[in-house]
Amino acid sequence: MATVLITGANKGIGYETARQLIAAGHTVYVGARDAERGRWAADALGGRFVQVDVTDDASVAAAAKTIGADGGLDVLINNAGIEPRQADGGFIPAAETTADSVRAIFETNVFGQVRMLHEFLPLLEQSAAPVVVNVSSGLGLTRDLADPAKPTHFYPDIAYPSSKAAVNMLTVQYAKAYPAVRINAVDPGFTATDLNHHAGTQTVQQGAEILVRMAQIGPDGPTGGFFEAHGPVAW
């Protein structure tokens with residue numbers, strides 16, 4: 001059985017992924033920025049809590065030190081992410097999008113994953129079967145957003161799909177740099193969570209399935225790929 005860390009695991013897809021992996025017999029660190037919510041989630045699930053704010057270098061470094069001292073890590077699931085919805089659930093219009101508003105999304109969705117990988121890859125390399133799962137989105141596929149025949153073509157936001165396209169590229173480049181680590185991106189699909197004001201058409205159980213599956217691949221599993229519930233997705 002593996003030792004797993006999931007960021008943003010106190011709710012939504014991250015929480016459900018933790019639940020399923022714990023049920024499968026794995027040891028799971030429930031990573032959360034908010035200590036109170038994170039401890040509640042870990043206690044409810046039967047997991048271990050670790051405080052980690054992926055936007056903060058010191059927080060990520062402290063989490064890596066804690067998990068390293070506890071015995072190490074086999075699987076990292078970079079799940080923490082945000083989407084720039086307004087209070088009414090709508091999107092920021094392109095004309096009102098600023099560099100600062102885009103930077104705020106990248107700080108969590110992109111730079112957060114880089115922080116996590118920088119601190120945790122040395123731990124993962126000590127595992128006999130290290131795995132990284134980067135949570136991405138089908139909205140990161142440029143070819144689909146550019147195609148009027150695709151449903152995602154009509155998604156209007158600037159920052160979120162750009163951040164997920166960056167996650168896809170990070171996945172490819174890190175997989176090449178660390179060939180002994182299985183590093184893949186996944187698309188959970190349009191899942192009803194706080195991220196999208198519960199507008200999604202899937203349950204969290206359905207959304208978590210691909211995260212759980214890819215977290216449990218072995219040393220002979222794929223790397224540098226993009227996967228959804230139905231299988232691999234062409235970049």
# chains A, B, ... in the order shown; residues from 1 in each chain; ligands from 1
>>> residues_around(residues="region 175-192 of chain A", least_positions_apart="2", cutoff="7 Å", atoms="only C-alpha atoms", output="mmCIF file with all heavy atoms, in the first residue's frame")
data_model
loop_
_atom_site.group_PDB
_atom_site.id
_atom_site.type_symbol
_atom_site.label_atom_id
_atom_site.label_comp_id
_atom_site.auth_asym_id
_atom_site.auth_seq_id
_atom_site.Cartn_x
_atom_site.Cartn_y
_atom_site.Cartn_z
ATOM 1 N N PRO A 130 7.146 5.698 -7.333
ATOM 2 C CA PRO A 130 6.663 7.068 -7.182
ATOM 3 C C PRO A 130 5.702 7.491 -8.294
ATOM 4 O O PRO A 130 5.904 7.162 -9.466
ATOM 5 C CB PRO A 130 7.948 7.894 -7.235
ATOM 6 C CG PRO A 130 8.877 7.076 -8.078
ATOM 7 C CD PRO A 130 8.552 5.641 -7.780
ATOM 8 N N VAL A 131 4.665 8.223 -7.896
ATOM 9 C CA VAL A 131 3.626 8.656 -8.834
ATOM 10 C C VAL A 131 3.242 10.099 -8.534
ATOM 11 O O VAL A 131 3.120 10.502 -7.367
ATOM 12 C CB VAL A 131 2.372 7.763 -8.708
ATOM 13 C CG1 VAL A 131 1.204 8.328 -9.528
ATOM 14 C CG2 VAL A 131 2.673 6.338 -9.140
ATOM 15 N N VAL A 132 3.027 10.872 -9.589
ATOM 16 C CA VAL A 132 2.461 12.216 -9.484
ATOM 17 C C VAL A 132 1.228 12.286 -10.373
ATOM 18 O O VAL A 132 1.265 11.866 -11.534
ATOM 19 C CB VAL A 132 3.461 13.311 -9.917
ATOM 20 C CG1 VAL A 132 2.779 14.680 -9.939
ATOM 21 C CG2 VAL A 132 4.674 13.331 -9.001
ATOM 22 N N VAL A 133 0.137 12.818 -9.815
ATOM 23 C CA VAL A 133 -1.087 13.063 -10.580
ATOM 24 C C VAL A 133 -1.364 14.559 -10.526
ATOM 25 O O VAL A 133 -1.642 15.109 -9.455
ATOM 26 C CB VAL A 133 -2.279 12.273 -10.006
ATOM 27 C CG1 VAL A 133 -3.538 12.576 -10.816
ATOM 28 C CG2 VAL A 133 -1.989 10.779 -10.001
ATOM 29 N N ASN A 134 -1.267 15.227 -11.665
ATOM 30 C CA ASN A 134 -1.565 16.649 -11.754
ATOM 31 C C ASN A 134 -2.996 16.823 -12.258
ATOM 32 O O ASN A 134 -3.318 16.389 -13.365
ATOM 33 C CB ASN A 134 -0.605 17.346 -12.723
ATOM 34 C CG ASN A 134 0.813 17.387 -12.207
ATOM 35 O OD1 ASN A 134 1.047 17.429 -11.006
ATOM 36 N ND2 ASN A 134 1.779 17.375 -13.117
ATOM 37 N N VAL A 135 -3.839 17.439 -11.452
ATOM 38 C CA VAL A 135 -5.225 17.631 -11.874
ATOM 39 C C VAL A 135 -5.291 18.793 -12.857
ATOM 40 O O VAL A 135 -4.964 19.935 -12.530
ATOM 41 C CB VAL A 135 -6.147 17.861 -10.675
ATOM 42 C CG1 VAL A 135 -7.582 18.124 -11.153
ATOM 43 C CG2 VAL A 135 -6.121 16.641 -9.755
ATOM 44 N N SER A 136 -5.702 18.467 -14.067
ATOM 45 C CA SER A 136 -5.823 19.446 -15.131
ATOM 46 C C SER A 136 -7.298 19.569 -15.512
ATOM 47 O O SER A 136 -8.186 19.419 -14.666
ATOM 48 C CB SER A 136 -4.955 19.034 -16.327
ATOM 49 O OG SER A 136 -5.000 20.013 -17.340
ATOM 50 N N SER A 137 -7.574 19.816 -16.786
ATOM 51 C CA SER A 137 -8.947 19.965 -17.256
ATOM 52 C C SER A 137 -8.966 19.877 -18.768
ATOM 53 O O SER A 137 -8.000 20.270 -19.440
ATOM 54 C CB SER A 137 -9.503 21.334 -16.821
ATOM 55 O OG SER A 137 -10.738 21.599 -17.463
ATOM 56 N N GLY A 138 -10.077 19.384 -19.311
ATOM 57 C CA GLY A 138 -10.253 19.423 -20.757
ATOM 58 C C GLY A 138 -10.268 20.837 -21.291
ATOM 59 O O GLY A 138 -10.030 21.058 -22.489
ATOM 60 N N ASN A 168 -0.682 21.137 -18.239
ATOM 61 C CA ASN A 168 -0.399 20.070 -19.202
ATOM 62 C C ASN A 168 1.063 20.100 -19.637
ATOM 63 O O ASN A 168 1.725 19.056 -19.721
ATOM 64 C CB ASN A 168 -1.317 20.199 -20.412
ATOM 65 C CG ASN A 168 -2.767 19.891 -20.081
ATOM 66 O OD1 ASN A 168 -3.076 19.378 -19.011
ATOM 67 N ND2 ASN A 168 -3.658 20.204 -20.996
ATOM 68 N N THR A 171 3.381 18.911 -16.913
ATOM 69 C CA THR A 171 3.344 17.452 -16.800
ATOM 70 C C THR A 171 4.291 16.795 -17.789
ATOM 71 O O THR A 171 5.066 15.902 -17.436
ATOM 72 C CB THR A 171 1.902 16.953 -17.025
ATOM 73 O OG1 THR A 171 1.042 17.544 -16.038
ATOM 74 C CG2 THR A 171 1.825 15.441 -16.934
ATOM 75 N N VAL A 172 4.243 17.228 -19.027
ATOM 76 C CA VAL A 172 5.111 16.660 -20.058
ATOM 77 C C VAL A 172 6.586 16.894 -19.723
ATOM 78 O O VAL A 172 7.415 15.979 -19.800
ATOM 79 C CB VAL A 172 4.776 17.267 -21.430
ATOM 80 C CG1 VAL A 172 5.826 16.888 -22.473
ATOM 81 C CG2 VAL A 172 3.393 16.810 -21.895
ATOM 82 N N GLN A 173 6.917 18.108 -19.331
ATOM 83 C CA GLN A 173 8.312 18.451 -19.105
ATOM 84 C C GLN A 173 8.880 17.781 -17.849
ATOM 85 O O GLN A 173 10.026 17.323 -17.846
ATOM 86 C CB GLN A 173 8.471 19.973 -19.027
ATOM 87 C CG GLN A 173 8.130 20.702 -20.331
ATOM 88 C CD GLN A 173 9.020 20.272 -21.488
ATOM 89 O OE1 GLN A 173 8.715 19.301 -22.174
ATOM 90 N NE2 GLN A 173 10.118 20.973 -21.679
ATOM 91 N N ASN A 196 -17.050 25.351 -9.279
ATOM 92 C CA ASN A 196 -17.924 25.862 -10.342
ATOM 93 C C ASN A 196 -19.340 26.167 -9.843
ATOM 94 O O ASN A 196 -20.295 26.151 -10.612
ATOM 95 C CB ASN A 196 -17.980 24.871 -11.510
ATOM 96 C CG ASN A 196 -18.383 23.472 -11.076
ATOM 97 O OD1 ASN A 196 -19.275 23.292 -10.250
ATOM 98 N ND2 ASN A 196 -17.730 22.463 -11.638
ATOM 99 N N HIS A 198 -21.203 24.382 -8.142
ATOM 100 C CA HIS A 198 -21.988 23.142 -8.296
ATOM 101 C C HIS A 198 -22.790 23.109 -9.600
ATOM 102 O O HIS A 198 -23.872 22.534 -9.665
ATOM 103 C CB HIS A 198 -22.893 22.935 -7.078
ATOM 104 C CG HIS A 198 -22.114 22.668 -5.825
ATOM 105 N ND1 HIS A 198 -21.754 21.407 -5.422
ATOM 106 C CD2 HIS A 198 -21.576 23.530 -4.916
ATOM 107 C CE1 HIS A 198 -21.047 21.494 -4.304
ATOM 108 N NE2 HIS A 198 -20.915 22.764 -3.985
ATOM 109 N N ALA A 199 -22.192 23.704 -10.631
ATOM 110 C CA ALA A 199 -22.831 23.679 -11.950
ATOM 111 C C ALA A 199 -22.497 22.416 -12.731
ATOM 112 O O ALA A 199 -23.088 22.150 -13.775
ATOM 113 C CB ALA A 199 -22.395 24.907 -12.762
ATOM 114 N N GLY A 200 -21.546 21.630 -12.249
ATOM 115 C CA GLY A 200 -21.105 20.440 -12.974
ATOM 116 C C GLY A 200 -22.180 19.388 -13.118
ATOM 117 O O GLY A 200 -23.153 19.335 -12.358
ATOM 118 N N THR A 201 -22.003 18.529 -14.114
ATOM 119 C CA THR A 201 -22.989 17.489 -14.429
ATOM 120 C C THR A 201 -22.625 16.122 -13.861
ATOM 121 O O THR A 201 -23.398 15.180 -13.976
ATOM 122 C CB THR A 201 -23.156 17.373 -15.952
ATOM 123 O OG1 THR A 201 -21.869 17.111 -16.542
ATOM 124 C CG2 THR A 201 -23.718 18.662 -16.532
ATOM 125 N N GLN A 202 -21.434 16.005 -13.242
ATOM 126 C CA GLN A 202 -20.995 14.746 -12.641
ATOM 127 C C GLN A 202 -20.993 14.864 -11.123
ATOM 128 O O GLN A 202 -20.875 15.957 -10.572
ATOM 129 C CB GLN A 202 -19.566 14.391 -13.074
ATOM 130 C CG GLN A 202 -19.384 14.050 -14.518
ATOM 131 C CD GLN A 202 -17.961 13.581 -14.788
ATOM 132 O OE1 GLN A 202 -17.729 12.814 -15.700
ATOM 133 N NE2 GLN A 202 -16.988 14.039 -14.009
ATOM 134 N N THR A 203 -21.073 13.715 -10.452
ATOM 135 C CA THR A 203 -20.884 13.672 -9.007
ATOM 136 C C THR A 203 -19.392 13.670 -8.688
ATOM 137 O O THR A 203 -18.548 13.377 -9.554
ATOM 138 C CB THR A 203 -21.522 12.407 -8.419
ATOM 139 O OG1 THR A 203 -20.802 11.258 -8.910
ATOM 140 C CG2 THR A 203 -22.995 12.301 -8.805
ATOM 141 N N VAL A 204 -19.068 13.954 -7.434
ATOM 142 C CA VAL A 204 -17.652 13.902 -7.044
ATOM 143 C C VAL A 204 -17.120 12.475 -7.122
ATOM 144 O O VAL A 204 -15.933 12.266 -7.379
ATOM 145 C CB VAL A 204 -17.424 14.489 -5.629
ATOM 146 C CG1 VAL A 204 -17.596 15.991 -5.635
ATOM 147 C CG2 VAL A 204 -18.320 13.827 -4.595
ATOM 148 N N GLY A 207 -16.092 12.152 -10.668
ATOM 149 C CA GLY A 207 -14.930 12.981 -10.950
ATOM 150 C C GLY A 207 -13.646 12.432 -10.358
ATOM 151 O O GLY A 207 -12.571 12.538 -10.952
ATOM 152 N N ALA A 208 -13.759 11.832 -9.180
ATOM 153 C CA ALA A 208 -12.564 11.325 -8.497
ATOM 154 C C ALA A 208 -12.022 10.046 -9.114
ATOM 155 O O ALA A 208 -10.854 9.697 -8.892
ATOM 156 C CB ALA A 208 -12.873 11.078 -7.021
ATOM 157 N N ILE A 210 -10.856 8.990 -11.972
ATOM 158 C CA ILE A 210 -9.618 8.984 -12.744
ATOM 159 C C ILE A 210 -8.422 9.346 -11.861
ATOM 160 O O ILE A 210 -7.309 8.845 -12.073
ATOM 161 C CB ILE A 210 -9.705 9.902 -13.987
ATOM 162 C CG1 ILE A 210 -8.494 9.712 -14.890
ATOM 163 C CG2 ILE A 210 -9.869 11.366 -13.577
ATOM 164 C CD1 ILE A 210 -8.310 8.308 -15.428
ATOM 165 N N LEU A 211 -8.625 10.182 -10.848
ATOM 166 C CA LEU A 211 -7.539 10.488 -9.920
ATOM 167 C C LEU A 211 -7.135 9.232 -9.156
ATOM 168 O O LEU A 211 -5.944 8.935 -9.002
ATOM 169 C CB LEU A 211 -7.957 11.573 -8.925
ATOM 170 C CG LEU A 211 -7.939 13.034 -9.372
ATOM 171 C CD1 LEU A 211 -9.080 13.319 -10.344
ATOM 172 C CD2 LEU A 211 -8.034 13.961 -8.171
ATOM 173 N N PRO A 219 5.075 0.934 -11.429
ATOM 174 C CA PRO A 219 6.280 1.446 -12.098
ATOM 175 C C PRO A 219 6.286 1.238 -13.611
ATOM 176 O O PRO A 219 7.024 1.918 -14.321
ATOM 177 C CB PRO A 219 7.409 0.651 -11.437
ATOM 178 C CG PRO A 219 6.845 0.208 -10.125
ATOM 179 C CD PRO A 219 5.399 -0.029 -10.365
ATOM 180 N N GLY A 221 3.594 1.692 -15.413
ATOM 181 C CA GLY A 221 2.456 2.459 -15.918
ATOM 182 C C GLY A 221 2.891 3.605 -16.822
ATOM 183 O O GLY A 221 4.085 3.882 -16.976
ATOM 184 N N PRO A 222 1.933 4.290 -17.417
ATOM 185 C CA PRO A 222 2.252 5.389 -18.342
ATOM 186 C C PRO A 222 2.842 6.588 -17.611
ATOM 187 O O PRO A 222 2.663 6.751 -16.395
ATOM 188 C CB PRO A 222 0.891 5.726 -18.943
ATOM 189 C CG PRO A 222 -0.097 5.335 -17.885
ATOM 190 C CD PRO A 222 0.478 4.109 -17.240
ATOM 191 N N THR A 223 3.518 7.428 -18.351
ATOM 192 C CA THR A 223 4.010 8.692 -17.803
ATOM 193 C C THR A 223 4.011 9.728 -18.911
ATOM 194 O O THR A 223 4.131 9.409 -20.102
ATOM 195 C CB THR A 223 5.409 8.544 -17.179
ATOM 196 O OG1 THR A 223 5.727 9.729 -16.423
ATOM 197 C CG2 THR A 223 6.478 8.308 -18.223
ATOM 198 N N GLY A 224 3.857 10.996 -18.511
ATOM 199 C CA GLY A 224 3.829 12.085 -19.477
ATOM 200 C C GLY A 224 2.562 12.112 -20.309
ATOM 201 O O GLY A 224 2.557 12.652 -21.410
ATOM 202 N N GLY A 225 1.458 11.563 -19.771
ATOM 203 C CA GLY A 225 0.206 11.505 -20.517
ATOM 204 C C GLY A 225 -0.905 12.287 -19.860
ATOM 205 O O GLY A 225 -0.784 12.786 -18.739
ATOM 206 N N PHE A 226 -2.020 12.364 -20.582
ATOM 207 C CA PHE A 226 -3.213 13.072 -20.124
ATOM 208 C C PHE A 226 -4.369 12.078 -20.196
ATOM 209 O O PHE A 226 -4.594 11.462 -21.235
ATOM 210 C CB PHE A 226 -3.467 14.278 -21.035
ATOM 211 C CG PHE A 226 -4.558 15.210 -20.583
ATOM 212 C CD1 PHE A 226 -4.895 15.355 -19.247
ATOM 213 C CD2 PHE A 226 -5.245 15.980 -21.517
ATOM 214 C CE1 PHE A 226 -5.895 16.226 -18.849
ATOM 215 C CE2 PHE A 226 -6.238 16.856 -21.140
ATOM 216 C CZ PHE A 226 -6.567 16.981 -19.791
ATOM 217 N N PHE A 227 -5.094 11.933 -19.079
ATOM 218 C CA PHE A 227 -6.098 10.878 -18.992
ATOM 219 C C PHE A 227 -7.420 11.402 -18.453
ATOM 220 O O PHE A 227 -7.445 12.264 -17.570
ATOM 221 C CB PHE A 227 -5.592 9.748 -18.084
ATOM 222 C CG PHE A 227 -4.374 9.062 -18.611
ATOM 223 C CD1 PHE A 227 -3.100 9.580 -18.351
ATOM 224 C CD2 PHE A 227 -4.476 7.920 -19.391
ATOM 225 C CE1 PHE A 227 -1.970 8.960 -18.851
ATOM 226 C CE2 PHE A 227 -3.344 7.295 -19.895
ATOM 227 C CZ PHE A 227 -2.096 7.820 -19.626
ATOM 228 N N GLU A 228 -8.501 10.854 -18.981
ATOM 229 C CA GLU A 228 -9.838 11.073 -18.449
ATOM 230 C C GLU A 228 -10.448 9.711 -18.132
ATOM 231 O O GLU A 228 -9.795 8.677 -18.329
ATOM 232 C CB GLU A 228 -10.703 11.843 -19.444
ATOM 233 C CG GLU A 228 -10.939 11.105 -20.744
ATOM 234 C CD GLU A 228 -11.849 11.853 -21.698
ATOM 235 O OE1 GLU A 228 -12.168 13.032 -21.455
ATOM 236 O OE2 GLU A 228 -12.266 11.233 -22.704
#
>>> closest_atom_pairs(of="region 79-153 of chain A", to="region 160-165 of chain A", cutoff="6 Å", atoms="only C-alpha atoms", output="JSON lines")
{"residue": "A:Glu83", "atom": "CA", "partner": "A:Tyr160", "partner_atom": "CA", "distance": 5.8}
{"residue": "A:Phe106", "atom": "CA", "partner": "A:Ser163", "partner_atom": "CA", "distance": 5.7}
{"residue": "A:Ser136", "atom": "CA", "partner": "A:Lys164", "partner_atom": "CA", "distance": 5.3}
{"residue": "A:Leu139", "atom": "CA", "partner": "A:Pro161", "partner_atom": "CA", "distance": 5.1}
{"residue": "A:Gly140", "atom": "CA", "partner": "A:Ala165", "partner_atom": "CA", "distance": 4.1}
>>> select_by_dssp(residues="region 3-199 of chain A", states="strand (DSSP E)", output="ChimeraX atom specification")
/A:3-6,27-32,48-51,75-78,131-135,182-186
>>> residues_around(residues="Val50 (chain A)", least_positions_apart="3", cutoff="8 Å", atoms="only C-alpha atoms", output="JSON, numbers by chain")
{"A": [29, 30, 31, 32, 38, 63, 66]}
>>> closest_residue(among="A:Gly71, A:Pro93, A:Gly8, A:Gly14", to="Glu209 (chain A)", atoms="only C-alpha atoms")
A:Gly14
>>> decode(residues="region 119-131 of chain A", atoms="N, CA, C and O atoms", output="CSV table (one decimal), in the first residue's frame")
chain,number,residue,atom,x,y,z
A,119,GLU,N,9.5,20.6,-4.0
A,119,GLU,CA,9.8,20.1,-2.6
A,119,GLU,C,9.6,18.6,-2.5
A,119,GLU,O,10.3,18.0,-1.7
A,120,PHE,N,8.6,18.1,-3.2
A,120,PHE,CA,8.3,16.7,-2.9
A,120,PHE,C,8.9,15.7,-3.9
A,120,PHE,O,9.0,14.5,-3.6
A,121,LEU,N,9.4,16.1,-5.0
A,121,LEU,CA,10.1,15.1,-5.9
A,121,LEU,C,11.3,14.4,-5.2
A,121,LEU,O,11.5,13.2,-5.4
A,122,PRO,N,12.1,15.1,-4.4
A,122,PRO,CA,13.2,14.4,-3.7
A,122,PRO,C,12.7,13.3,-2.8
A,122,PRO,O,13.3,12.3,-2.7
A,123,LEU,N,11.5,13.5,-2.2
A,123,LEU,CA,10.9,12.5,-1.4
A,123,LEU,C,10.4,11.3,-2.2
A,123,LEU,O,10.6,10.2,-1.9
A,124,LEU,N,9.7,11.7,-3.3
A,124,LEU,CA,9.1,10.7,-4.2
A,124,LEU,C,10.2,9.8,-4.8
A,124,LEU,O,10.0,8.6,-5.0
A,125,GLU,N,11.4,10.4,-5.1
A,125,GLU,CA,12.5,9.6,-5.7
A,125,GLU,C,13.0,8.5,-4.8
A,125,GLU,O,13.6,7.6,-5.2
A,126,GLN,N,12.7,8.6,-3.5
A,126,GLN,CA,13.1,7.6,-2.6
A,126,GLN,C,12.1,6.4,-2.5
A,126,GLN,O,12.4,5.4,-1.9
A,127,SER,N,10.9,6.6,-3.2
A,127,SER,CA,9.9,5.5,-3.2
A,127,SER,C,10.2,4.5,-4.3
A,127,SER,O,10.9,4.8,-5.3
A,128,ALA,N,9.8,3.3,-4.0
A,128,ALA,CA,10.0,2.2,-5.0
A,128,ALA,C,9.0,2.4,-6.2
A,128,ALA,O,9.3,1.8,-7.3
A,129,ALA,N,8.0,3.1,-6.0
A,129,ALA,CA,7.0,3.3,-7.1
A,129,ALA,C,6.3,4.7,-7.0
A,129,ALA,O,5.2,4.8,-6.7
A,130,PRO,N,7.1,5.7,-7.3
A,130,PRO,CA,6.7,7.1,-7.2
A,130,PRO,C,5.7,7.5,-8.3
A,130,PRO,O,5.9,7.2,-9.5
A,131,VAL,N,4.7,8.2,-7.9
A,131,VAL,CA,3.6,8.7,-8.8
A,131,VAL,C,3.2,10.1,-8.5
A,131,VAL,O,3.1,10.5,-7.4
